[in-house]
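Scroll down for the structure; my scribbles are underneath it.
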Amino acid sequence: MHLVDEYDADTGFFFGTSTRSLLTGGRAVVLPARGALAADRAVRVLGALDGDQILVGAVPFADDEPAQLIVPEWHRWGPALPAQPEPPAARTVVPSFEPPPQHYRDAVAQALRRIDTTELSKVVLARSVRIDLSEPITVPALLRQLRHRQGNGFVFGCALAGGGNLVGGSPELLVQRDGDVVTAHPLAGSRPRTGDPDIDRRSTTELLASHKDRREHALVVDDIARALTPYCTELSAPPAPTVVGTPTMLHLGTRITGRLRSPAPSSLALAAALHPTPAVCGTPTATAKATISQLEGFDRGFYAGMVGWCDGGGNGQWAVTIRCAELTESSARLFAGAGIVAGSEPEAELAETGAKLATMLTALGADLAEEGQHAVHAVA
């Protein structure tokens, strides 16, 4: 028995790392706000919390979408979620795509033209996949599968006010505050992972040497450092990224650390100051947002937002909401995106989104029908 087995699909919240787990239940306070405004109001609520209370939830990508931030009735900490689940039951599915693969290729091509002719330097374009479920998937079982596949990442489940659950296994830390120490670990620049050690070693070498991927990564690191600098007395990052591996992807990553000025802002305030980073949006931010709205073709919802917790002292962790799905009893909606910069190729970016979708598809036990395999993995 683990904390996750007590997750309530109507009011629950779960957030797990490789070292510990957080479970909450009930809703003592629900913050009525939208998007970024929810974070602003939550910062004020934090000041009124007693020492034992905590704030948890998720903020969507778009500022005008409703957030899900609550002060739960209770919360408990426990050990890390074990990574030895039963294999998921196989289910053959025919996915529905938003947008279709060819639309995605065309959107990437249009974005590249804008990068050539406007101030846009990078934009992250995503696609969504919906699969119908013949029987409901339990959140605890899915979280166990994600922990098994994510290793050192963050696994999360969040009951949504409108029904259903946001569930995922993110490899990316948006921000963490522990006392006066702040940490961010952005990921940008990627290669699919094959599972063949020789091929993956070559991919790692190519990724580290890629001017395109290093440039994409530097845009994200520089933007986060710029956003954190006003809050810090010191801030540092290694001069070169390292490669962070997941079962399906290889990413360039840089761990940024700093010392916060007094009085230190809460982890939620810091997360709101960073969101959305160029890793999920692009740069310049306003231009990238407009490009996403014009080209992407669907509503991201909580995908590419942030999910996490903050206590009354301001400490907390917020992960970027990627490798995720919105679950109902009858369907799962999955998401994946890729960063488009000068030198990107539409077919390669489509393949990258397919590799990223594999995290959730595998955890769901989805055995794709042939037409679904072609569309997910960009096979001609």
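All residue names refer to the structure tokens as shown: chains lettered A, B, ... in order, residues numbered from 1 in each chain, ligands numbered from 1 in order.
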
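The list of residues with at least one atom within 9 Å of Tyr104 (chain A), based on only C-alpha atoms and without residues fewer than 3 positions apart in the same chain, reads Glu98, Pro99, Pro100, Pro101, Ala107, Val108, Ala109, Leu125, Ala126, Arg127, Leu295, Glu296, Gly297, Pro346, Glu349 and Leu350 of chain A.
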
Run DSSP on the backbone and tell me which residues of region 210-338 of chain A come out as strand (DSSP E); list them as a tab-separated table (two decimals) with N, CA and C atoms, in the first residue's frame.
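Below is the file states-v1.tsv, written as the result:
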```
chain	number	residue	atom	x	y	z
A	232	CYS	N	17.43	37.48	-7.17
A	232	CYS	CA	18.59	36.77	-6.63
A	232	CYS	C	19.76	37.69	-6.32
A	233	THR	N	20.51	37.32	-5.28
A	233	THR	CA	21.79	37.99	-5.00
A	233	THR	C	22.91	37.33	-5.79
A	234	GLU	N	22.71	36.08	-6.16
A	234	GLU	CA	23.67	35.37	-7.01
A	234	GLU	C	22.92	34.33	-7.82
A	235	LEU	N	23.42	34.06	-9.01
A	235	LEU	CA	22.78	33.11	-9.91
A	235	LEU	C	23.86	32.51	-10.80
A	236	SER	N	23.83	31.19	-10.98
A	236	SER	CA	24.88	30.56	-11.79
A	236	SER	C	24.32	29.39	-12.58
A	242	THR	N	24.19	19.50	-20.32
A	242	THR	CA	24.41	18.06	-20.31
A	242	THR	C	23.21	17.40	-20.97
A	243	VAL	N	23.30	16.10	-21.21
A	243	VAL	CA	22.19	15.37	-21.82
A	243	VAL	C	21.41	14.65	-20.72
A	244	VAL	N	20.11	14.91	-20.69
A	244	VAL	CA	19.19	14.28	-19.75
A	244	VAL	C	18.39	13.25	-20.53
A	245	GLY	N	18.43	12.01	-20.09
A	245	GLY	CA	17.74	10.94	-20.81
A	245	GLY	C	16.47	10.50	-20.13
A	249	MET	N	13.37	9.80	-24.89
A	249	MET	CA	13.98	11.01	-25.43
A	249	MET	C	15.34	11.29	-24.79
A	250	LEU	N	16.17	12.04	-25.53
A	250	LEU	CA	17.39	12.63	-25.01
A	250	LEU	C	17.24	14.15	-25.12
A	251	HIS	N	17.48	14.86	-24.02
A	251	HIS	CA	17.30	16.31	-24.00
A	251	HIS	C	18.58	17.00	-23.55
A	252	LEU	N	18.83	18.19	-24.07
A	252	LEU	CA	19.83	19.06	-23.48
A	252	LEU	C	19.22	19.72	-22.24
A	253	GLY	N	19.98	19.69	-21.14
A	253	GLY	CA	19.49	20.28	-19.89
A	253	GLY	C	20.56	21.09	-19.20
A	256	ILE	N	20.16	25.51	-13.29
A	256	ILE	CA	20.42	26.89	-12.89
A	256	ILE	C	20.13	27.00	-11.39
A	257	THR	N	21.06	27.56	-10.62
A	257	THR	CA	20.86	27.70	-9.19
A	257	THR	C	21.14	29.14	-8.76
A	258	GLY	N	20.43	29.58	-7.72
A	258	GLY	CA	20.63	30.95	-7.24
A	258	GLY	C	20.33	31.07	-5.76
A	259	ARG	N	20.72	32.22	-5.22
A	259	ARG	CA	20.44	32.59	-3.83
A	259	ARG	C	19.47	33.76	-3.86
A	260	LEU	N	18.31	33.60	-3.20
A	260	LEU	CA	17.25	34.59	-3.27
A	260	LEU	C	17.49	35.76	-2.33
A	282	GLY	N	8.31	29.84	-26.69
A	282	GLY	CA	9.18	30.39	-27.71
A	282	GLY	C	9.66	31.76	-27.30
A	283	THR	N	10.29	32.47	-28.22
A	283	THR	CA	10.80	33.80	-27.94
A	283	THR	C	10.85	34.63	-29.22
A	306	MET	N	1.98	24.54	-15.71
A	306	MET	CA	2.83	24.13	-14.59
A	306	MET	C	1.97	23.45	-13.54
A	307	VAL	N	2.58	22.51	-12.81
A	307	VAL	CA	1.88	21.74	-11.80
A	307	VAL	C	2.81	21.53	-10.62
A	308	GLY	N	2.27	21.66	-9.39
A	308	GLY	CA	3.15	21.49	-8.25
A	308	GLY	C	2.51	21.93	-6.95
A	309	TRP	N	3.36	22.35	-6.00
A	309	TRP	CA	2.89	22.68	-4.66
A	309	TRP	C	3.72	23.81	-4.07
A	310	CYS	N	3.14	24.47	-3.06
A	310	CYS	CA	3.84	25.53	-2.34
A	310	CYS	C	3.31	25.52	-0.91
A	311	ASP	N	4.21	25.55	0.08
A	311	ASP	CA	3.75	25.56	1.47
A	311	ASP	C	3.67	26.99	2.00
A	316	GLY	N	8.63	25.06	-2.26
A	316	GLY	CA	7.81	24.22	-3.12
A	316	GLY	C	8.51	23.85	-4.40
A	317	GLN	N	7.80	23.06	-5.21
A	317	GLN	CA	8.30	22.58	-6.50
A	317	GLN	C	7.21	22.71	-7.54
A	318	TRP	N	7.60	23.14	-8.76
A	318	TRP	CA	6.67	23.24	-9.88
A	318	TRP	C	7.33	22.64	-11.10
A	319	ALA	N	6.66	21.67	-11.68
A	319	ALA	CA	7.16	21.00	-12.90
A	319	ALA	C	6.42	21.56	-14.11
A	320	VAL	N	7.08	21.49	-15.25
A	320	VAL	CA	6.44	21.88	-16.51
A	320	VAL	C	5.48	20.75	-16.91
A	324	CYS	N	1.95	14.45	-20.64
A	324	CYS	CA	0.76	14.40	-19.81
A	324	CYS	C	-0.47	14.03	-20.63
A	325	ALA	N	-1.55	13.78	-19.91
A	325	ALA	CA	-2.84	13.49	-20.53
A	325	ALA	C	-3.94	14.02	-19.64
A	326	GLU	N	-5.06	14.42	-20.27
A	326	GLU	CA	-6.28	14.72	-19.53
A	326	GLU	C	-7.21	13.53	-19.70
A	327	LEU	N	-7.53	12.90	-18.56
A	327	LEU	CA	-8.31	11.66	-18.56
A	327	LEU	C	-9.76	11.91	-18.19
A	331	SER	N	-12.12	8.59	-22.26
A	331	SER	CA	-11.10	9.02	-23.22
A	331	SER	C	-9.86	9.54	-22.51
A	332	ALA	N	-8.78	9.60	-23.29
A	332	ALA	CA	-7.53	10.21	-22.83
A	332	ALA	C	-7.05	11.14	-23.94
A	333	ARG	N	-6.72	12.36	-23.57
A	333	ARG	CA	-6.20	13.34	-24.53
A	333	ARG	C	-4.74	13.60	-24.18
A	334	LEU	N	-3.85	13.28	-25.11
A	334	LEU	CA	-2.41	13.36	-24.91
A	334	LEU	C	-1.84	14.54	-25.70
A	335	PHE	N	-0.64	15.00	-25.31
A	335	PHE	CA	-0.05	16.17	-25.92
A	335	PHE	C	1.46	15.97	-26.11
A	336	ALA	N	2.00	16.61	-27.14
A	336	ALA	CA	3.45	16.66	-27.32
A	336	ALA	C	3.79	17.82	-28.24
A	337	GLY	N	4.93	18.46	-28.00
A	337	GLY	CA	5.35	19.58	-28.82
A	337	GLY	C	6.83	19.52	-29.13
A	338	ALA	N	7.26	20.39	-30.04
A	338	ALA	CA	8.67	20.47	-30.42
A	338	ALA	C	9.03	21.93	-30.67
```

For region 203-246 of chain A versus region 179-198 of chain A, which residues have an atom no more than 7 Å away, and what is each residue's nearest atom pair and distance in Å rounded to one decimal, using only C-alpha atoms, chain-then-number order, as a tab-separated table?
```
residue	atom	partner	partner_atom	distance
A:Ser203	CA	A:Arg191	CA	6.8
A:Leu207	CA	A:Arg191	CA	7.0
A:Asp213	CA	A:Gly189	CA	4.5
A:Arg214	CA	A:Gly189	CA	6.8
A:Glu216	CA	A:Gly189	CA	6.2
A:His217	CA	A:Ala188	CA	4.8
A:Val221	CA	A:Pro186	CA	6.9
```

Residues of the last selection are to be written out with all heavy atoms, as a short mmCIF file (atom, residue, chain, number, x, y, z; two decimals), in the first residue's frame.
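Output file again.cif is given in full below:
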```cif
data_model
loop_
_atom_site.label_atom_id
_atom_site.label_comp_id
_atom_site.auth_asym_id
_atom_site.auth_seq_id
_atom_site.Cartn_x
_atom_site.Cartn_y
_atom_site.Cartn_z
N SER A 203 23.60 9.52 -30.89
CA SER A 203 22.63 10.61 -30.79
C SER A 203 23.03 11.60 -29.70
O SER A 203 22.87 12.83 -29.88
CB SER A 203 21.24 10.05 -30.49
OG SER A 203 20.75 9.27 -31.57
N LEU A 207 23.77 15.44 -30.43
CA LEU A 207 22.97 16.46 -29.75
C LEU A 207 23.87 17.50 -29.10
O LEU A 207 23.63 18.71 -29.22
CB LEU A 207 22.08 15.79 -28.71
CG LEU A 207 21.07 16.66 -27.96
CD1 LEU A 207 20.14 17.37 -28.93
CD2 LEU A 207 20.27 15.80 -26.98
N ASP A 213 20.49 22.78 -31.94
CA ASP A 213 19.95 22.42 -30.63
C ASP A 213 20.60 23.23 -29.51
O ASP A 213 19.93 23.61 -28.54
CB ASP A 213 20.13 20.92 -30.39
CG ASP A 213 19.22 20.08 -31.27
OD1 ASP A 213 18.01 20.05 -31.00
OD2 ASP A 213 19.72 19.49 -32.23
N ARG A 214 21.89 23.50 -29.63
CA ARG A 214 22.56 24.32 -28.61
C ARG A 214 22.00 25.75 -28.62
O ARG A 214 21.85 26.37 -27.56
CB ARG A 214 24.07 24.32 -28.85
CG ARG A 214 24.75 22.98 -28.61
CD ARG A 214 24.84 22.64 -27.12
NE ARG A 214 25.81 23.46 -26.44
CZ ARG A 214 27.10 23.13 -26.25
NH1 ARG A 214 27.56 21.98 -26.74
NH2 ARG A 214 27.91 23.92 -25.59
N GLU A 216 18.93 26.60 -29.61
CA GLU A 216 17.59 26.51 -29.02
C GLU A 216 17.66 26.45 -27.51
O GLU A 216 16.90 27.11 -26.79
CB GLU A 216 16.87 25.27 -29.57
CG GLU A 216 15.49 25.05 -28.99
CD GLU A 216 14.84 23.75 -29.43
OE1 GLU A 216 15.36 23.11 -30.37
OE2 GLU A 216 13.83 23.37 -28.82
N HIS A 217 18.60 25.66 -27.00
CA HIS A 217 18.73 25.51 -25.56
C HIS A 217 19.18 26.82 -24.90
O HIS A 217 18.67 27.21 -23.84
CB HIS A 217 19.74 24.39 -25.24
CG HIS A 217 19.81 24.07 -23.79
ND1 HIS A 217 18.85 23.33 -23.14
CD2 HIS A 217 20.73 24.39 -22.84
CE1 HIS A 217 19.17 23.21 -21.86
NE2 HIS A 217 20.30 23.86 -21.66
N VAL A 221 17.73 28.96 -21.55
CA VAL A 221 18.55 29.22 -20.36
C VAL A 221 18.70 30.72 -20.14
O VAL A 221 18.56 31.22 -19.01
CB VAL A 221 19.93 28.55 -20.50
CG1 VAL A 221 20.85 28.97 -19.37
CG2 VAL A 221 19.77 27.03 -20.52
#
```

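Taking only region 290-362 of chain A, the residues that DSSP calls helix (DSSP H, G or I) from the backbone come to A:Ala290, A:Thr291, A:Ile292, A:Ser293, A:Gln294, A:Leu295, A:Pro346, A:Glu347, A:Ala348, A:Glu349, A:Leu350, A:Ala351, A:Glu352, A:Thr353, A:Gly354, A:Ala355, A:Lys356, A:Leu357, A:Ala358, A:Thr359, A:Met360, A:Leu361, A:Thr362.
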
Store the residues of this selection in a file with C-alpha atoms, as a compact mmCIF listing (two decimals), in the first residue's frame.
```txt
# COMPACT_ATOMS: atom_id res chain seq x y z
CA ALA A 290 0.47 34.73 -31.16
CA THR A 291 2.10 32.25 -33.56
CA ILE A 292 0.91 29.30 -31.48
CA SER A 293 -2.64 30.68 -31.45
CA GLN A 294 -2.61 31.17 -35.22
CA LEU A 295 -0.90 27.94 -36.31
CA PRO A 346 8.99 19.65 -40.50
CA GLU A 347 9.37 15.87 -40.79
CA ALA A 348 11.96 15.70 -38.00
CA GLU A 349 9.79 17.83 -35.68
CA LEU A 350 6.78 15.61 -36.37
CA ALA A 351 8.88 12.54 -35.53
CA GLU A 352 10.01 14.22 -32.30
CA THR A 353 6.42 14.74 -31.17
CA GLY A 354 5.72 11.09 -31.93
CA ALA A 355 8.61 9.98 -29.72
CA LYS A 356 7.36 12.20 -26.91
CA LEU A 357 3.82 10.84 -27.19
CA ALA A 358 5.24 7.35 -26.63
CA THR A 359 5.69 8.03 -22.88
CA MET A 360 1.96 8.31 -22.21
CA LEU A 361 0.89 5.83 -24.90
CA THR A 362 3.10 3.12 -23.41
```

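Across the model, the gap from CA of Gly312 (chain A) to CA of Leu49 (chain A) is 5.5 Å.
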
Review point. Region 14-16 of chain A: which residues within 9 Å, counting only C-alpha atoms, same-chain residues fewer than 3 positions away excluded, as a PyMOL selection string?
Key: chain A and resi 3-4+7+19-24+79-81+147+153-158+307-309

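When only C-alpha atoms are used to compute distances to Ser134 (chain A), the closest of the residues A:Gln53, A:Ala342, A:Ser330, A:Tyr303 turns out to be A:Ser330.
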
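Computed from the coordinates, the CA of Gly12 (chain A) to CA of Pro72 (chain A) distance equals 8.6 Å.
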
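Between Gly57 (chain A) and the residues A:Ala218, A:Ala288, A:Leu160, A:Met1, the shortest atom-to-atom distance, using only C-alpha atoms, involves A:Leu160.
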
Practice item. Within 9 Å of Gly163 (chain A), counting only C-alpha atoms, which residues show up once you throw out same-chain ones fewer than 5 positions away? Write them as a list of chain:residue names, please. Key: A:Ala9, A:Asp10, A:Leu327, A:Thr328

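Of the listed residues A:Asn165, A:Ala272, A:Leu219, A:Thr229, the one whose atoms come nearest to Leu120 (chain A) is A:Leu219, with distances taken using only C-alpha atoms.
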
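With only C-alpha atoms as the atoms that count, the minimum distance from Gly301 (chain A) to the choices A:Gly339, A:Gln68, A:Val30, A:Leu46 is reached by A:Gln68.
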
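Once Ala62 (chain A) and its same-chain neighbours fewer than 6 positions away are set aside, Arg34, Gly35, Ala36, His275, Pro276, Lys289, Ser293, Asp299, Arg300, Gly301, Phe302, Tyr303, Ala304 and Gly305 of chain A remain within 10 Å of it when counting only C-alpha atoms.
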
Review point. With distances taken over only C-alpha atoms, which of A:Ile322, A:Gly314, A:Thr277, A:Ser18 is nearest to Ala48 (chain A)?
Key: A:Gly314

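Of note, CA of Glu135 (chain A) and CA of Glu329 (chain A) are spaced 7.0 Å apart.
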